[in-house]
file data.cif (mmCIF, C-alpha atoms and all ligand atoms)
data_model
loop_
_atom_site.label_atom_id
_atom_site.label_comp_id
_atom_site.auth_asym_id
_atom_site.auth_seq_id
_atom_site.Cartn_x
_atom_site.Cartn_y
_atom_site.Cartn_z
CA MET A 14 -5.82 -16.40 16.66
CA VAL A 15 -2.91 -14.01 16.14
CA ARG A 16 -0.83 -14.50 13.02
CA GLN A 17 2.78 -13.33 13.20
CA ILE A 18 5.21 -12.57 10.41
CA THR A 19 8.75 -11.20 10.75
CA VAL A 20 10.22 -8.73 8.30
CA GLU A 21 13.85 -9.87 8.17
CA LEU A 22 16.12 -6.83 7.99
CA GLY A 23 18.97 -7.71 10.34
CA GLU A 24 18.93 -5.44 13.38
CA ARG A 25 15.97 -3.54 11.92
CA SER A 26 13.81 -6.70 11.75
CA TYR A 27 10.29 -6.30 13.09
CA PRO A 28 7.12 -8.28 13.71
CA ILE A 29 3.74 -7.92 12.02
CA TYR A 30 0.83 -9.13 14.16
CA ILE A 31 -2.51 -9.82 12.46
CA GLY A 32 -5.66 -10.74 14.40
CA SER A 33 -8.84 -9.63 16.13
CA GLY A 34 -8.77 -7.45 19.25
CA LEU A 35 -5.15 -6.35 18.89
CA LEU A 36 -5.91 -2.68 19.52
CA GLY A 37 -6.63 -3.63 23.13
CA GLU A 38 -3.08 -5.00 23.37
CA LEU A 39 -1.42 -1.88 22.02
CA GLY A 40 -0.09 -0.72 25.38
CA ALA A 41 1.34 -4.11 26.25
CA ARG A 42 2.95 -4.42 22.81
CA CYS A 43 4.58 -0.99 23.21
CA LYS A 44 6.05 -2.16 26.51
CA GLU A 45 7.28 -5.30 24.81
CA ALA A 46 8.88 -3.19 22.09
CA GLY A 47 10.81 -1.36 24.79
CA TYR A 48 9.24 2.10 24.73
CA PRO A 49 9.64 3.65 28.19
CA PRO A 50 6.41 5.06 29.73
CA ARG A 51 8.15 8.29 30.76
CA SER A 52 8.55 9.32 27.11
CA PRO A 53 5.29 10.58 25.57
CA LEU A 54 3.81 8.81 22.54
CA LEU A 55 2.22 10.64 19.62
CA ILE A 56 -0.77 9.02 17.91
CA VAL A 57 -1.48 10.31 14.40
CA SER A 58 -4.91 9.44 13.02
CA ASP A 59 -7.48 10.90 10.62
CA SER A 60 -10.97 12.34 10.89
CA GLU A 61 -12.65 9.06 9.84
CA VAL A 62 -10.57 6.70 11.94
CA ALA A 63 -10.12 8.72 15.14
CA PRO A 64 -13.83 8.83 16.12
CA ARG A 65 -13.97 5.05 15.79
CA PHE A 66 -10.72 3.78 17.26
CA LEU A 67 -8.63 6.51 18.89
CA ALA A 68 -10.22 6.17 22.34
CA ALA A 69 -9.51 2.41 22.42
CA ALA A 70 -5.88 3.02 21.45
CA GLU A 71 -5.44 5.75 24.08
CA LYS A 72 -7.02 3.61 26.79
CA SER A 73 -4.80 0.62 26.06
CA LEU A 74 -1.73 2.85 26.29
CA ALA A 75 -2.91 4.65 29.43
CA ASP A 76 -3.52 1.28 31.12
CA GLN A 77 0.20 0.59 30.73
CA GLY A 78 1.15 4.00 32.13
CA TYR A 79 1.90 5.78 28.83
CA LYS A 80 1.25 9.48 28.33
CA THR A 81 -0.13 10.12 24.87
CA VAL A 82 -0.92 13.08 22.66
CA SER A 83 -3.01 12.77 19.51
CA HIS A 84 -2.99 14.66 16.23
CA VAL A 85 -6.01 14.07 13.98
CA ILE A 86 -5.61 15.07 10.32
CA PRO A 87 -8.44 15.54 7.81
CA ALA A 88 -9.06 12.22 5.99
CA GLY A 89 -7.73 12.07 2.46
CA GLU A 90 -4.63 12.25 0.28
CA ALA A 91 -4.43 16.06 0.56
CA SER A 92 -3.20 15.59 4.14
CA LYS A 93 0.05 14.03 2.90
CA SER A 94 1.53 17.53 2.60
CA LEU A 95 4.51 19.43 3.96
CA ALA A 96 2.10 21.79 5.73
CA MET A 97 0.46 18.88 7.56
CA TYR A 98 3.89 17.43 8.31
CA GLU A 99 4.86 20.69 9.99
CA ALA A 100 1.62 20.76 11.98
CA VAL A 101 2.22 17.23 13.30
CA VAL A 102 5.83 18.09 14.21
CA THR A 103 4.52 21.15 16.08
CA THR A 104 2.28 18.86 18.13
CA ALA A 105 5.26 16.60 18.81
CA ILE A 106 7.44 19.47 20.01
CA LYS A 107 4.71 20.95 22.21
CA ALA A 108 4.05 17.56 23.78
CA GLY A 109 7.75 17.19 24.57
CA LEU A 110 8.45 14.06 22.55
CA ASP A 111 12.03 12.96 23.14
CA ARG A 112 14.48 10.55 21.50
CA ARG A 113 12.87 7.54 23.18
CA SER A 114 9.33 8.51 22.15
CA ALA A 115 7.42 6.94 19.28
CA VAL A 116 4.93 8.00 16.66
CA LEU A 117 1.97 5.64 16.25
CA ALA A 118 0.16 5.66 12.90
CA LEU A 119 -3.49 4.74 13.45
CA GLY A 120 -5.16 4.73 10.03
CA GLY A 121 -4.71 3.91 6.37
CA GLY A 122 -1.81 4.57 4.04
CA VAL A 123 -2.17 8.34 4.22
CA VAL A 124 -1.72 8.40 7.99
CA GLY A 125 1.03 5.76 7.81
CA ASP A 126 3.07 7.61 5.20
CA LEU A 127 2.76 11.00 6.94
CA ALA A 128 3.29 9.74 10.49
CA GLY A 129 6.22 7.63 9.30
CA PHE A 130 7.88 10.65 7.75
CA VAL A 131 7.45 12.54 11.02
CA ALA A 132 8.97 9.58 12.92
CA ALA A 133 11.88 9.38 10.44
CA THR A 134 12.77 13.05 10.77
CA TYR A 135 11.74 14.28 14.22
CA MET A 136 15.04 14.62 16.15
CA ARG A 137 16.61 12.68 13.22
CA GLY A 138 14.40 9.66 13.86
CA ILE A 139 12.39 8.30 16.78
CA GLY A 140 10.28 5.18 17.32
CA PHE A 141 7.53 4.28 14.85
CA LEU A 142 4.59 1.87 15.03
CA GLN A 143 2.04 1.10 12.34
CA ILE A 144 -1.55 0.31 13.28
CA PRO A 145 -3.16 -0.09 9.85
CA THR A 146 -6.94 0.26 9.56
CA THR A 147 -7.39 -0.29 5.81
CA ILE A 148 -6.77 -3.37 3.68
CA LEU A 149 -4.58 -1.32 1.39
CA ALA A 150 -2.36 -0.52 4.36
CA HIS A 151 -1.23 -4.18 4.50
CA ASP A 152 0.96 -2.96 1.69
CA SER A 153 1.84 0.57 2.81
CA SER A 154 2.55 -0.34 6.46
CA VAL A 155 5.17 -2.94 5.53
CA GLY A 156 8.47 -2.04 3.95
CA GLY A 157 9.39 1.32 5.37
CA LYS A 158 8.57 3.72 2.53
CA VAL A 159 7.30 6.91 4.18
CA ALA A 160 6.58 10.19 2.43
CA VAL A 161 4.55 13.31 1.86
CA ASN A 162 3.54 14.69 -1.54
CA HIS A 163 4.92 17.75 -3.31
CA PRO A 164 2.35 19.73 -5.32
CA LEU A 165 4.22 18.65 -8.46
CA ALA A 166 4.71 14.98 -7.61
CA LYS A 167 3.34 12.30 -5.31
CA ASN A 168 5.57 10.80 -2.57
CA MET A 169 8.44 13.04 -3.66
CA ILE A 170 9.65 13.94 -0.14
CA GLY A 171 10.30 10.88 1.96
CA ALA A 172 12.57 8.27 3.43
CA PHE A 173 13.05 4.57 4.00
CA TYR A 174 12.20 4.18 7.65
CA GLN A 175 11.08 0.87 9.11
CA PRO A 176 8.53 0.68 11.95
CA SER A 177 9.40 -1.31 15.04
CA MET A 178 6.10 -3.17 14.79
CA VAL A 179 2.93 -3.51 12.71
CA LEU A 180 -0.22 -4.23 14.72
CA TYR A 181 -3.07 -5.18 12.38
CA ASP A 182 -6.39 -5.43 14.20
CA LEU A 183 -8.85 -7.07 11.79
CA ASP A 184 -11.81 -5.72 13.79
CA THR A 185 -10.99 -2.18 12.64
CA LEU A 186 -11.62 -3.17 9.02
CA ALA A 187 -15.34 -3.78 9.63
CA THR A 188 -16.22 -0.11 9.12
CA LEU A 189 -14.41 0.28 5.78
CA PRO A 190 -16.65 1.36 2.89
CA PRO A 191 -17.03 -1.46 0.28
CA ARG A 192 -15.10 0.43 -2.42
CA GLN A 193 -12.16 0.79 -0.03
CA VAL A 194 -12.33 -2.94 0.69
CA ALA A 195 -12.11 -3.85 -2.99
CA SER A 196 -9.40 -1.26 -3.59
CA GLY A 197 -7.24 -2.77 -0.85
CA LEU A 198 -7.81 -6.28 -2.19
CA ALA A 199 -6.26 -5.15 -5.49
CA GLU A 200 -2.87 -4.93 -3.73
CA VAL A 201 -3.51 -8.26 -2.01
CA VAL A 202 -4.10 -10.09 -5.30
CA LYS A 203 -1.15 -8.17 -6.80
CA HIS A 204 1.12 -9.91 -4.32
CA GLY A 205 -0.19 -13.24 -5.62
CA LEU A 206 0.18 -12.19 -9.25
CA ILE A 207 3.84 -11.29 -8.81
CA LEU A 208 5.07 -14.19 -6.68
CA ASP A 209 2.46 -16.74 -5.63
CA ARG A 210 0.33 -18.41 -8.28
CA ASP A 211 -1.71 -20.52 -5.86
CA PHE A 212 -2.52 -17.53 -3.71
CA ALA A 213 -3.70 -15.51 -6.72
CA TYR A 214 -6.17 -18.25 -7.67
CA TRP A 215 -7.12 -18.66 -4.01
CA CYS A 216 -8.13 -14.97 -3.96
CA ARG A 217 -10.42 -15.53 -6.95
CA GLU A 218 -11.98 -18.58 -5.33
CA HIS A 219 -12.53 -16.80 -2.00
CA ALA A 220 -13.46 -13.40 -3.43
CA GLN A 221 -16.91 -13.32 -1.85
CA GLU A 222 -15.56 -14.13 1.62
CA LEU A 223 -12.86 -11.49 1.24
CA LEU A 224 -15.34 -8.81 0.12
CA ALA A 225 -17.53 -9.77 3.10
CA LEU A 226 -14.49 -9.40 5.41
CA GLU A 227 -14.91 -12.96 6.67
CA PRO A 228 -12.19 -13.07 9.39
CA GLU A 229 -10.60 -16.42 8.53
CA ALA A 230 -10.23 -15.66 4.82
CA LEU A 231 -9.23 -12.05 5.45
CA GLY A 232 -6.62 -12.99 8.07
CA TYR A 233 -5.08 -15.52 5.70
CA ALA A 234 -5.09 -13.10 2.76
CA LEU A 235 -3.44 -10.32 4.76
CA GLU A 236 -0.88 -12.75 6.14
CA ARG A 237 0.04 -13.94 2.63
CA GLY A 238 0.05 -10.38 1.26
CA CYS A 239 2.25 -9.08 4.07
CA SER A 240 4.56 -12.12 3.86
CA ILE A 241 5.16 -11.67 0.15
CA LYS A 242 5.79 -7.96 0.58
CA ALA A 243 8.08 -8.67 3.55
CA ALA A 244 10.06 -11.24 1.57
CA VAL A 245 10.65 -8.82 -1.30
CA VAL A 246 11.60 -5.97 1.04
CA GLY A 247 13.91 -8.31 2.96
CA GLU A 248 15.82 -8.93 -0.30
CA ASP A 249 15.91 -5.33 -1.51
CA GLU A 250 15.02 -2.79 1.16
CA THR A 251 15.87 0.38 -0.80
CA GLU A 252 14.67 -0.67 -4.27
CA GLN A 253 17.97 -1.23 -6.02
CA GLY A 254 16.34 -3.86 -8.22
CA LEU A 255 13.97 -6.65 -7.18
CA ARG A 256 11.64 -4.45 -5.11
CA ALA A 257 10.44 -2.84 -8.35
CA ILE A 258 8.33 -5.97 -9.05
CA LEU A 259 5.91 -4.65 -6.42
CA ASN A 260 5.04 -1.97 -8.98
CA LEU A 261 3.04 -4.36 -11.16
CA GLY A 262 0.16 -2.32 -12.59
CA HIS A 263 1.51 0.91 -11.12
CA THR A 264 2.99 2.54 -14.24
CA ILE A 265 -0.42 2.79 -15.89
CA GLY A 266 -2.14 3.01 -12.48
CA HIS A 267 -0.18 6.08 -11.37
CA ALA A 268 -0.88 7.76 -14.72
CA ILE A 269 -4.61 7.10 -14.25
CA GLU A 270 -4.43 8.62 -10.77
CA ALA A 271 -2.50 11.66 -12.00
CA VAL A 272 -4.85 12.33 -14.93
CA GLY A 273 -7.91 11.84 -12.72
CA SER A 274 -6.24 14.28 -10.30
CA TYR A 275 -6.03 11.79 -7.46
CA GLY A 276 -9.57 11.07 -6.43
CA ALA A 277 -11.69 9.94 -9.36
CA LEU A 278 -10.53 6.35 -8.96
CA LEU A 279 -9.13 4.88 -5.75
CA HIS A 280 -5.51 3.70 -5.81
CA GLY A 281 -6.44 0.00 -5.94
CA GLU A 282 -8.98 0.63 -8.69
CA ALA A 283 -6.37 2.44 -10.78
CA ILE A 284 -3.79 -0.30 -10.35
CA ALA A 285 -6.38 -2.99 -11.14
CA ILE A 286 -6.80 -1.34 -14.55
CA GLY A 287 -2.99 -1.07 -14.66
CA MET A 288 -2.58 -4.80 -13.95
CA ALA A 289 -5.06 -5.63 -16.73
CA GLY A 290 -2.94 -3.35 -18.94
CA ALA A 291 0.32 -5.06 -17.93
CA ALA A 292 -1.23 -8.42 -18.84
CA LEU A 293 -2.31 -7.04 -22.23
CA LEU A 294 1.21 -5.78 -22.78
CA ALA A 295 2.51 -9.25 -21.90
CA ALA A 296 0.22 -10.73 -24.56
CA LYS A 297 1.53 -8.18 -27.08
CA LEU A 298 5.07 -9.30 -26.23
CA GLY A 299 4.12 -12.89 -26.95
CA ARG A 300 3.25 -14.19 -23.49
CA ASP A 301 0.26 -16.49 -23.05
CA ARG A 302 -3.12 -14.77 -23.40
CA SER A 303 -4.46 -16.76 -20.47
CA ILE A 304 -2.38 -14.48 -18.20
CA TYR A 305 -4.68 -11.67 -19.27
CA THR A 306 -7.95 -13.60 -19.08
CA ASP A 307 -7.09 -15.04 -15.66
CA THR A 308 -5.91 -11.67 -14.31
CA VAL A 309 -9.14 -10.05 -15.45
CA SER A 310 -11.28 -12.80 -13.93
CA MET A 311 -9.46 -12.42 -10.58
CA LEU A 312 -9.89 -8.64 -10.52
CA SER A 313 -13.51 -8.82 -11.65
CA ALA A 314 -14.30 -11.37 -8.94
CA LEU A 315 -13.08 -8.77 -6.44
CA ASN A 316 -15.40 -6.09 -7.91
CA LEU A 317 -12.46 -4.19 -9.38
CA PRO A 318 -12.51 -2.31 -12.69
CA VAL A 319 -10.47 -3.66 -15.62
CA ARG A 320 -11.47 -1.19 -18.36
CA LEU A 321 -10.26 2.38 -18.73
CA PRO A 322 -13.17 4.86 -18.41
CA ALA A 323 -13.82 6.80 -21.64
CA GLU A 324 -12.93 10.20 -20.18
CA TYR A 325 -9.24 9.28 -19.80
CA GLY A 326 -7.31 10.54 -22.84
CA ILE A 327 -4.47 8.40 -24.15
CA ASP A 328 -2.26 11.46 -24.79
CA GLU A 329 -2.72 12.67 -21.22
CA LEU A 330 -1.94 9.23 -19.82
CA MET A 331 1.21 8.91 -21.95
CA GLU A 332 2.27 12.38 -20.84
CA ALA A 333 1.75 11.43 -17.17
CA MET A 334 3.86 8.28 -17.63
CA MET A 335 6.71 10.34 -19.07
CA HIS A 336 6.75 12.40 -15.88
CA ASP A 337 7.01 9.18 -13.89
CA LYS A 338 10.57 8.02 -13.26
CA LYS A 339 10.15 4.91 -15.42
CA PHE A 340 11.03 6.43 -18.80
CA LYS A 341 14.53 6.33 -20.29
CA GLU A 342 15.80 7.21 -23.77
CA GLY A 343 12.52 6.70 -25.56
CA GLN A 344 11.86 3.37 -23.86
CA MET A 345 9.75 2.56 -20.84
CA THR A 346 10.19 0.17 -17.94
CA PHE A 347 7.26 -2.11 -17.14
CA ILE A 348 6.69 -5.01 -14.80
CA VAL A 349 5.53 -7.68 -17.24
CA PRO A 350 3.75 -10.85 -16.11
CA GLU A 351 5.40 -13.99 -17.47
CA ALA A 352 2.78 -16.27 -15.94
CA ILE A 353 0.33 -15.96 -13.04
CA GLY A 354 2.67 -15.69 -10.02
CA LYS A 355 5.76 -14.64 -12.00
CA VAL A 356 6.84 -11.26 -13.39
CA SER A 357 9.93 -9.71 -14.97
CA ILE A 358 11.24 -6.17 -15.17
CA VAL A 359 11.45 -5.12 -18.83
CA ASP A 360 13.13 -1.80 -19.61
CA SER A 361 12.77 -1.77 -23.39
CA ILE A 362 9.03 -1.23 -23.80
CA GLN A 363 8.11 0.89 -26.83
CA PRO A 364 5.73 3.77 -26.12
CA SER A 365 3.76 2.78 -29.23
CA ASP A 366 2.99 -0.60 -27.63
CA VAL A 367 1.79 1.14 -24.47
CA ARG A 368 -0.50 3.36 -26.57
CA GLU A 369 -1.98 0.28 -28.17
CA VAL A 370 -2.56 -1.28 -24.78
CA LEU A 371 -4.31 1.86 -23.53
CA ALA A 372 -6.54 1.86 -26.61
CA LEU A 373 -7.44 -1.80 -25.98
CA LEU A 374 -8.15 -1.03 -22.32
CA LYS A 375 -10.61 1.66 -23.39
CA LYS A 376 -12.65 -0.71 -25.55
CA GLU A 377 -15.76 -1.88 -23.76
CA GLU A 378 -15.37 -5.31 -25.27
CA GLN A 379 -12.44 -7.30 -23.98
CA PRO A 380 -10.02 -8.37 -26.70
CA TRP A 381 -10.34 -12.09 -25.92
N1 LIG B 1 4.38 3.42 1.80
C1 LIG B 1 4.03 2.53 0.90
O1 LIG B 1 4.76 1.59 0.63
C2 LIG B 1 2.72 2.68 0.22
C3 LIG B 1 2.21 1.62 -0.53
C4 LIG B 1 0.94 1.76 -1.09
C5 LIG B 1 0.23 2.93 -0.88
N2 LIG B 1 0.76 3.95 -0.14
C6 LIG B 1 0.02 5.17 0.11
O2 LIG B 1 -1.14 4.84 0.86
C7 LIG B 1 -2.15 5.80 0.59
C8 LIG B 1 -3.44 5.07 0.34
O3 LIG B 1 -3.75 4.30 1.47
P1 LIG B 1 -5.26 3.98 1.87
O4 LIG B 1 -5.96 3.40 0.71
O5 LIG B 1 -5.21 3.22 3.12
O6 LIG B 1 -5.87 5.45 2.01
P2 LIG B 1 -6.39 6.32 3.24
O7 LIG B 1 -5.44 6.31 4.34
O8 LIG B 1 -6.76 7.62 2.64
O9 LIG B 1 -7.71 5.55 3.69
C9 LIG B 1 -8.80 5.48 2.80
C10 LIG B 1 -10.06 6.09 3.41
O10 LIG B 1 -10.59 5.18 4.38
C11 LIG B 1 -10.78 5.84 5.62
N3 LIG B 1 -10.58 4.81 6.64
C12 LIG B 1 -9.40 4.29 7.06
N4 LIG B 1 -9.61 3.29 7.91
C13 LIG B 1 -10.95 3.18 8.05
C14 LIG B 1 -11.77 2.31 8.80
N5 LIG B 1 -11.26 1.32 9.51
N6 LIG B 1 -13.11 2.50 8.73
C15 LIG B 1 -13.64 3.47 7.95
N7 LIG B 1 -12.91 4.30 7.20
C16 LIG B 1 -11.58 4.16 7.26
C17 LIG B 1 -9.79 6.95 5.62
O11 LIG B 1 -10.18 7.99 6.48
C18 LIG B 1 -9.82 7.38 4.15
O12 LIG B 1 -10.91 8.23 3.95
C19 LIG B 1 -1.67 6.63 -0.58
O13 LIG B 1 -1.25 7.88 -0.11
C20 LIG B 1 -0.48 5.84 -1.11
O14 LIG B 1 0.50 6.67 -1.70
C21 LIG B 1 1.99 3.83 0.42
ZN ZN B 2 0.05 0.46 -4.76
#
call {"tool": "encode", "arguments": {"input": "data.cif", "output": "structure tokens"}}
result
Amino acid sequence: MVRQITVELGERSYPIYIGSGLLGELGARCKEAGYPPRSPLLIVSDSEVAPRFLAAAEKSLADQGYKTVSHVIPAGEASKSLAMYEAVVTTAIKAGLDRRSAVLALGGGVVGDLAGFVAATYMRGIGFLQIPTTILAHDSSVGGKVAVNHPLAKNMIGAFYQPSMVLYDLDTLATLPPRQVASGLAEVVKHGLILDRDFAYWCREHAQELLALEPEALGYALERGCSIKAAVVGEDETEQGLRAILNLGHTIGHAIEAVGSYGALLHGEAIAIGMAGAALLAAKLGRDRSIYTDTVSMLSALNLPVRLPAEYGIDELMEAMMHDKKFKEGQMTFIVPEAIGKVSIVDSIQPSDVREVLALLKKEEQPW
């Protein structure tokens, strides 16, 4: 069964296909998308993904008459750099990619963000396809944010550049390490927490199936996650307002990642703690405490952390948040849950309240 979702963006609308065995259809889908076989295609992948899936991707493309060249980057966030960007562009130039060529991102969010930035800028923009191989990439592959990091700030050099297709082959997820599975599910349940109450509770109920990558449950969860993301992006492509709700848990989460120098906790783990923090903040602002207890039970069911490890200093975390763009005139902007499945953007959060939340998050005992 292939699930299909459309990201509605006028003439830049594109389909997301989710199902088993889709990598074998890559060549046919590229034909369908209108890429001419005489223009070479560049596949960007990483050192973990390429040994597993690159040959299948190349074969499917060759079967349809495409010439391909591949560039394999070292796995990991450090590859989202300007130096790696230049290396990939060098490969593209040497292979003779032209205006009708496309860049295919075969991998997780790191590959997607880097390859997308190459596609957005090579000859001022050529074709771009996402072939996500992590659960987290259900989020990063949809919506068109592409970027590399600057040594001083993450995702600082980038663009909005939509792919012409997302091809999500569920079979590729089977080799993901369990921590990566849980980390990706944090963004899945986030989509429920911001906009779909029933789906958030569904994730808690089906947590074991999701962690076991049971195809029916996983296919449904990724379809819901992608649909919610697509709906938000369809309303606000370039984050003028609404799109910010997707940042639930990310203000604290990004600070945790920055203080842990990107690597101690995985992205989904950091934002799980951040979502627990946002729910605590909501309680402080007078919202129902059950938002917090339910959020925590959902995240815990998915094997995600909800407490801040002792080694994270509150001063360092506050400092990291000030560097983030979400701080204005002594007040902070947070995505605050109003209920499970509903959030609001609040730009008048007092730093002292955030400190209190961080202190509560550090306690081993939960407050309620
Ligand atoms: N553009 C966006 O909107 C957006 C949204 C969220 C996150 N991101 C970005 O995404 C990145 C994180 O994405 P990620 O979690 O996918 O990280 P990732 O790409 O680093 O993948 C995680 C790890 O899993 C490995 N891996 C990937 N697929 C695998 C598979 N099928 N089997 C075995 N191993 C596999 C990778 O090699 C890597 O070591 C961050 O850079 C983040 O900034 C972007
Ligand atoms: Zn995220």
call {"tool": "residues_around", "arguments": {"input": "data.cif", "residues": "Gly129 of chain A", "least_positions_apart": "5", "cutoff": "8 Å", "atoms": "all atoms listed in the file", "output": "PyMOL selection string"}}
result
chain A and resi 116+118+141+159-160+174+176
call {"tool": "atom_distance", "arguments": {"input": "data.cif", "atom1": "atom CA of Lys203 of chain A", "atom2": "atom CA of Leu180 of chain A"}}
result
21.9 Å
call {"tool": "closest_residue", "arguments": {"input": "data.cif", "among": "A:Gly232, A:Gly120, A:Pro380, A:Gly40", "to": "Ala292 of chain A", "atoms": "only C-alpha atoms"}}
result
A:Pro380
call {"tool": "axis_aligned_box", "arguments": {"input": "data.cif", "around": "ligand LIG 1 (chain B)", "padding_each_side": "3 Å", "output": "JSON"}}
result
{"center_x": -4.4, "center_y": 4.8, "center_z": 3.9, "size_x": 24.4, "size_y": 12.9, "size_z": 17.2}
call {"tool": "residues_around", "arguments": {"input": "data.cif", "residues": "segment 253-260 of chain A", "least_positions_apart": "4", "cutoff": "9 Å", "atoms": "all atoms listed in the file", "output": "count of residues only"}}
result
15
call {"tool": "residues_near_ligand", "arguments": {"input": "data.cif", "ligand": "ligand LIG 1 (chain B)", "cutoff": "8 Å", "atoms": "all atoms listed in the file", "output": "PyMOL selection string"}}
result
chain A and resi 59-62+65+87-90+93+120-126+145-150+152-160+167-168+185-190+193+196-197+279-281
call {"tool": "closest_residue", "arguments": {"input": "data.cif", "among": "A:Ala115, A:Leu165, A:Ala291, A:Ala314", "to": "Ala195 of chain A", "atoms": "only C-alpha atoms"}}
result
A:Ala314
call {"tool": "atom_distance", "arguments": {"input": "data.cif", "atom1": "atom CA of Ala108 of chain A", "atom2": "atom CA of Val82 of chain A"}}
result
6.8 Å
call {"tool": "residues_around", "arguments": {"input": "data.cif", "residues": "Leu35 of chain A", "least_positions_apart": "2", "cutoff": "7 Å", "atoms": "all atoms listed in the file", "output": "PyMOL selection string"}}
result
chain A and resi 32-33+37-39+180-182
call {"tool": "closest_residue", "arguments": {"input": "data.cif", "among": "A:Val101, A:Met169, A:Ala285, A:Leu54", "to": "ligand ZN 2 (chain B)", "atoms": "all atoms listed in the file"}}
result
A:Ala285
call {"tool": "atom_distance", "arguments": {"input": "data.cif", "atom1": "atom CA of Ser94 of chain A", "atom2": "atom ZN of ligand ZN 2 (chain B)"}}
result
18.6 Å
call {"tool": "residues_around", "arguments": {"input": "data.cif", "residues": "Asp307 of chain A", "least_positions_apart": "3", "cutoff": "12 Å", "atoms": "all atoms listed in the file", "output": "count of residues only"}}
result
27
